[in-house]
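Below is the file coords.cif, which contains mmCIF, N, CA and C atoms.
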data_data
loop_
_atom_site.label_atom_id
_atom_site.label_comp_id
_atom_site.auth_asym_id
_atom_site.auth_seq_id
_atom_site.Cartn_x
_atom_site.Cartn_y
_atom_site.Cartn_z
N MET S 1 68.92 9.57 -2.05
CA MET S 1 67.82 8.64 -2.28
C MET S 1 66.56 9.37 -2.74
N THR S 2 66.64 10.68 -2.96
CA THR S 2 65.43 11.39 -3.35
C THR S 2 65.15 11.29 -4.84
N ASN S 3 66.21 11.35 -5.67
CA ASN S 3 65.97 11.29 -7.12
C ASN S 3 66.26 9.88 -7.65
N GLN S 4 65.40 8.95 -7.33
CA GLN S 4 65.51 7.59 -7.84
C GLN S 4 64.85 7.52 -9.22
N LYS S 5 65.29 6.55 -10.00
CA LYS S 5 64.62 6.31 -11.27
C LYS S 5 63.27 5.65 -11.00
N PRO S 6 62.29 5.93 -11.83
CA PRO S 6 61.01 5.22 -11.67
C PRO S 6 61.20 3.72 -11.90
N LEU S 7 60.46 2.93 -11.16
CA LEU S 7 60.69 1.48 -11.17
C LEU S 7 60.28 0.85 -12.50
N PHE S 8 59.19 1.34 -13.08
CA PHE S 8 58.66 0.68 -14.28
C PHE S 8 58.92 1.46 -15.55
N LYS S 9 59.84 2.42 -15.52
CA LYS S 9 60.18 3.14 -16.73
C LYS S 9 61.15 2.31 -17.55
N ALA S 10 60.85 2.17 -18.84
CA ALA S 10 61.70 1.34 -19.70
C ALA S 10 63.03 2.03 -19.94
N PRO S 11 64.13 1.39 -19.61
CA PRO S 11 65.44 2.02 -19.80
C PRO S 11 66.01 1.80 -21.20
N TYR S 12 65.18 1.33 -22.15
CA TYR S 12 65.68 1.03 -23.48
C TYR S 12 64.74 1.62 -24.52
N ASP S 13 65.26 1.76 -25.71
CA ASP S 13 64.47 2.26 -26.83
C ASP S 13 63.87 1.08 -27.57
N ILE S 14 62.64 1.20 -28.00
CA ILE S 14 61.96 0.07 -28.64
C ILE S 14 62.59 -0.26 -29.99
N LYS S 15 63.20 0.73 -30.64
CA LYS S 15 63.87 0.44 -31.91
C LYS S 15 65.09 -0.44 -31.70
N ASP S 16 65.85 -0.18 -30.65
CA ASP S 16 67.02 -1.00 -30.36
C ASP S 16 66.61 -2.44 -30.08
N VAL S 17 65.54 -2.61 -29.34
CA VAL S 17 65.08 -3.95 -29.00
C VAL S 17 64.59 -4.68 -30.23
N SER S 18 63.88 -3.98 -31.12
CA SER S 18 63.35 -4.64 -32.31
C SER S 18 64.48 -5.02 -33.26
N VAL S 19 65.50 -4.18 -33.37
CA VAL S 19 66.64 -4.52 -34.24
C VAL S 19 67.38 -5.73 -33.68
N LEU S 20 67.60 -5.73 -32.37
CA LEU S 20 68.28 -6.87 -31.74
C LEU S 20 67.48 -8.15 -31.91
N PHE S 21 66.15 -8.06 -31.74
CA PHE S 21 65.29 -9.23 -31.92
C PHE S 21 65.33 -9.72 -33.36
N ALA S 22 65.36 -8.81 -34.32
CA ALA S 22 65.43 -9.21 -35.74
C ALA S 22 66.73 -9.92 -36.05
N ILE S 23 67.84 -9.44 -35.47
CA ILE S 23 69.13 -10.10 -35.70
C ILE S 23 69.12 -11.50 -35.11
N VAL S 24 68.62 -11.64 -33.90
CA VAL S 24 68.58 -12.96 -33.25
C VAL S 24 67.66 -13.90 -34.03
N ALA S 25 66.52 -13.41 -34.49
CA ALA S 25 65.58 -14.25 -35.25
C ALA S 25 66.22 -14.70 -36.56
N ALA S 26 66.93 -13.82 -37.24
CA ALA S 26 67.57 -14.18 -38.50
C ALA S 26 68.64 -15.25 -38.27
N VAL S 27 69.43 -15.10 -37.22
CA VAL S 27 70.47 -16.09 -36.93
C VAL S 27 69.84 -17.44 -36.61
N LEU S 28 68.75 -17.46 -35.85
CA LEU S 28 68.09 -18.72 -35.52
C LEU S 28 67.50 -19.38 -36.76
N ILE S 29 66.91 -18.60 -37.65
CA ILE S 29 66.33 -19.17 -38.87
C ILE S 29 67.41 -19.76 -39.76
N ILE S 30 68.51 -19.02 -39.92
CA ILE S 30 69.60 -19.51 -40.77
C ILE S 30 70.21 -20.78 -40.18
N SER S 31 70.42 -20.80 -38.87
CA SER S 31 71.01 -21.99 -38.26
C SER S 31 70.05 -23.18 -38.34
N ALA S 32 68.74 -22.94 -38.26
CA ALA S 32 67.78 -24.03 -38.38
C ALA S 32 67.81 -24.61 -39.79
N ILE S 33 67.89 -23.77 -40.81
CA ILE S 33 67.92 -24.26 -42.19
C ILE S 33 69.21 -25.04 -42.44
N VAL S 34 70.34 -24.50 -42.01
CA VAL S 34 71.62 -25.18 -42.22
C VAL S 34 71.66 -26.50 -41.46
N GLY S 35 71.18 -26.50 -40.23
CA GLY S 35 71.17 -27.73 -39.45
C GLY S 35 70.27 -28.78 -40.04
N ASN S 36 69.14 -28.37 -40.58
CA ASN S 36 68.22 -29.31 -41.20
C ASN S 36 68.85 -29.92 -42.45
N ASN S 37 69.55 -29.11 -43.24
CA ASN S 37 70.20 -29.63 -44.44
C ASN S 37 71.32 -30.60 -44.07
N LEU S 38 72.09 -30.27 -43.05
CA LEU S 38 73.19 -31.16 -42.64
C LEU S 38 72.65 -32.47 -42.10
N PHE S 39 71.54 -32.42 -41.35
CA PHE S 39 70.97 -33.65 -40.83
C PHE S 39 70.39 -34.49 -41.96
N GLY S 40 69.86 -33.85 -42.99
CA GLY S 40 69.36 -34.58 -44.15
C GLY S 40 70.48 -35.32 -44.86
N LEU S 41 71.63 -34.66 -45.03
CA LEU S 41 72.78 -35.34 -45.65
C LEU S 41 73.27 -36.48 -44.79
N PHE S 42 73.29 -36.27 -43.47
CA PHE S 42 73.73 -37.31 -42.55
C PHE S 42 72.80 -38.52 -42.63
N GLN S 43 71.50 -38.26 -42.76
CA GLN S 43 70.53 -39.34 -42.81
C GLN S 43 70.64 -40.12 -44.12
N GLU S 44 70.96 -39.43 -45.21
CA GLU S 44 71.07 -40.11 -46.49
C GLU S 44 72.33 -40.97 -46.56
N ASN S 45 73.40 -40.54 -45.93
CA ASN S 45 74.68 -41.23 -46.06
C ASN S 45 74.83 -42.40 -45.13
N ILE S 46 74.07 -42.45 -44.05
CA ILE S 46 74.20 -43.53 -43.05
C ILE S 46 72.91 -44.32 -43.01
N ASN S 47 73.05 -45.61 -43.09
CA ASN S 47 71.88 -46.49 -43.08
C ASN S 47 71.52 -46.79 -41.64
N PHE S 48 70.28 -46.47 -41.23
CA PHE S 48 69.83 -46.68 -39.87
C PHE S 48 69.11 -48.01 -39.70
N GLY S 49 69.42 -48.96 -40.55
CA GLY S 49 68.81 -50.27 -40.39
C GLY S 49 67.84 -50.52 -41.49
#

Will you turn the file into structure tokens for me?
Amino acid sequence: MTNQKPLFKAPYDIKDVSVLFAIVAAVLIISAIVGNNLFGLFQENINFG
């Protein structure tokens, strides 16, 4: 119990986190654009009254 890791030391590299964040952001943007286009087609093809 003498050589514990410091409690607030970051166990990750900031480059790894930024790359992972960029991948997640790109996937979310692409899925938002595709979902918006699909909903637009759905709205055009079905009459809501």

request  = Tell me, in Å to one decimal, how far CA of Val17 in chain S is from CA of Ala32 in chain S.
outcome  = 22.3 Å

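Atom pair CA of Ile23 in chain S / CA of Gly35 in chain S: separated by 18.1 Å.
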
Atom N of Leu38 in chain S to atom C of Ser18 in chain S, straight-line distance in Å = 28.1 Å

Take range 21-42 of chain S, model N, CA, C and O atoms, and hand the result over as a tab-separated table (two decimals), in the coordinates of the input.
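Printed below is out-v3.tsv as written:
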chain	number	residue	atom	x	y	z
S	21	PHE	N	66.15	-8.06	-31.74
S	21	PHE	CA	65.29	-9.23	-31.92
S	21	PHE	C	65.33	-9.72	-33.36
S	21	PHE	O	65.35	-10.93	-33.60
S	22	ALA	N	65.36	-8.81	-34.32
S	22	ALA	CA	65.43	-9.21	-35.74
S	22	ALA	C	66.73	-9.92	-36.05
S	22	ALA	O	66.74	-10.92	-36.78
S	23	ILE	N	67.84	-9.44	-35.47
S	23	ILE	CA	69.13	-10.10	-35.70
S	23	ILE	C	69.12	-11.50	-35.11
S	23	ILE	O	69.54	-12.47	-35.76
S	24	VAL	N	68.62	-11.64	-33.90
S	24	VAL	CA	68.58	-12.96	-33.25
S	24	VAL	C	67.66	-13.90	-34.03
S	24	VAL	O	67.99	-15.07	-34.24
S	25	ALA	N	66.52	-13.41	-34.49
S	25	ALA	CA	65.58	-14.25	-35.25
S	25	ALA	C	66.22	-14.70	-36.56
S	25	ALA	O	66.07	-15.87	-36.95
S	26	ALA	N	66.93	-13.82	-37.24
S	26	ALA	CA	67.57	-14.18	-38.50
S	26	ALA	C	68.64	-15.25	-38.27
S	26	ALA	O	68.75	-16.21	-39.05
S	27	VAL	N	69.43	-15.10	-37.22
S	27	VAL	CA	70.47	-16.09	-36.93
S	27	VAL	C	69.84	-17.44	-36.61
S	27	VAL	O	70.32	-18.49	-37.08
S	28	LEU	N	68.75	-17.46	-35.85
S	28	LEU	CA	68.09	-18.72	-35.52
S	28	LEU	C	67.50	-19.38	-36.76
S	28	LEU	O	67.60	-20.60	-36.92
S	29	ILE	N	66.91	-18.60	-37.65
S	29	ILE	CA	66.33	-19.17	-38.87
S	29	ILE	C	67.41	-19.76	-39.76
S	29	ILE	O	67.28	-20.87	-40.28
S	30	ILE	N	68.51	-19.02	-39.92
S	30	ILE	CA	69.60	-19.51	-40.77
S	30	ILE	C	70.21	-20.78	-40.18
S	30	ILE	O	70.46	-21.75	-40.91
S	31	SER	N	70.42	-20.80	-38.87
S	31	SER	CA	71.01	-21.99	-38.26
S	31	SER	C	70.05	-23.18	-38.34
S	31	SER	O	70.50	-24.32	-38.48
S	32	ALA	N	68.74	-22.94	-38.26
S	32	ALA	CA	67.78	-24.03	-38.38
S	32	ALA	C	67.81	-24.61	-39.79
S	32	ALA	O	67.77	-25.84	-39.96
S	33	ILE	N	67.89	-23.77	-40.81
S	33	ILE	CA	67.92	-24.26	-42.19
S	33	ILE	C	69.21	-25.04	-42.44
S	33	ILE	O	69.19	-26.14	-43.01
S	34	VAL	N	70.34	-24.50	-42.01
S	34	VAL	CA	71.62	-25.18	-42.22
S	34	VAL	C	71.66	-26.50	-41.46
S	34	VAL	O	72.09	-27.52	-41.99
S	35	GLY	N	71.18	-26.50	-40.23
S	35	GLY	CA	71.17	-27.73	-39.45
S	35	GLY	C	70.27	-28.78	-40.04
S	35	GLY	O	70.59	-29.97	-40.04
S	36	ASN	N	69.14	-28.37	-40.58
S	36	ASN	CA	68.22	-29.31	-41.20
S	36	ASN	C	68.85	-29.92	-42.45
S	36	ASN	O	68.73	-31.13	-42.69
S	37	ASN	N	69.55	-29.11	-43.24
S	37	ASN	CA	70.20	-29.63	-44.44
S	37	ASN	C	71.32	-30.60	-44.07
S	37	ASN	O	71.47	-31.65	-44.71
S	38	LEU	N	72.09	-30.27	-43.05
S	38	LEU	CA	73.19	-31.16	-42.64
S	38	LEU	C	72.65	-32.47	-42.10
S	38	LEU	O	73.20	-33.54	-42.37
S	39	PHE	N	71.54	-32.42	-41.35
S	39	PHE	CA	70.97	-33.65	-40.83
S	39	PHE	C	70.39	-34.49	-41.96
S	39	PHE	O	70.44	-35.72	-41.91
S	40	GLY	N	69.86	-33.85	-42.99
S	40	GLY	CA	69.36	-34.58	-44.15
S	40	GLY	C	70.48	-35.32	-44.86
S	40	GLY	O	70.33	-36.48	-45.25
S	41	LEU	N	71.63	-34.66	-45.03
S	41	LEU	CA	72.78	-35.34	-45.65
S	41	LEU	C	73.27	-36.48	-44.79
S	41	LEU	O	73.61	-37.57	-45.29
S	42	PHE	N	73.29	-36.27	-43.47
S	42	PHE	CA	73.73	-37.31	-42.55
S	42	PHE	C	72.80	-38.52	-42.63
S	42	PHE	O	73.24	-39.67	-42.60
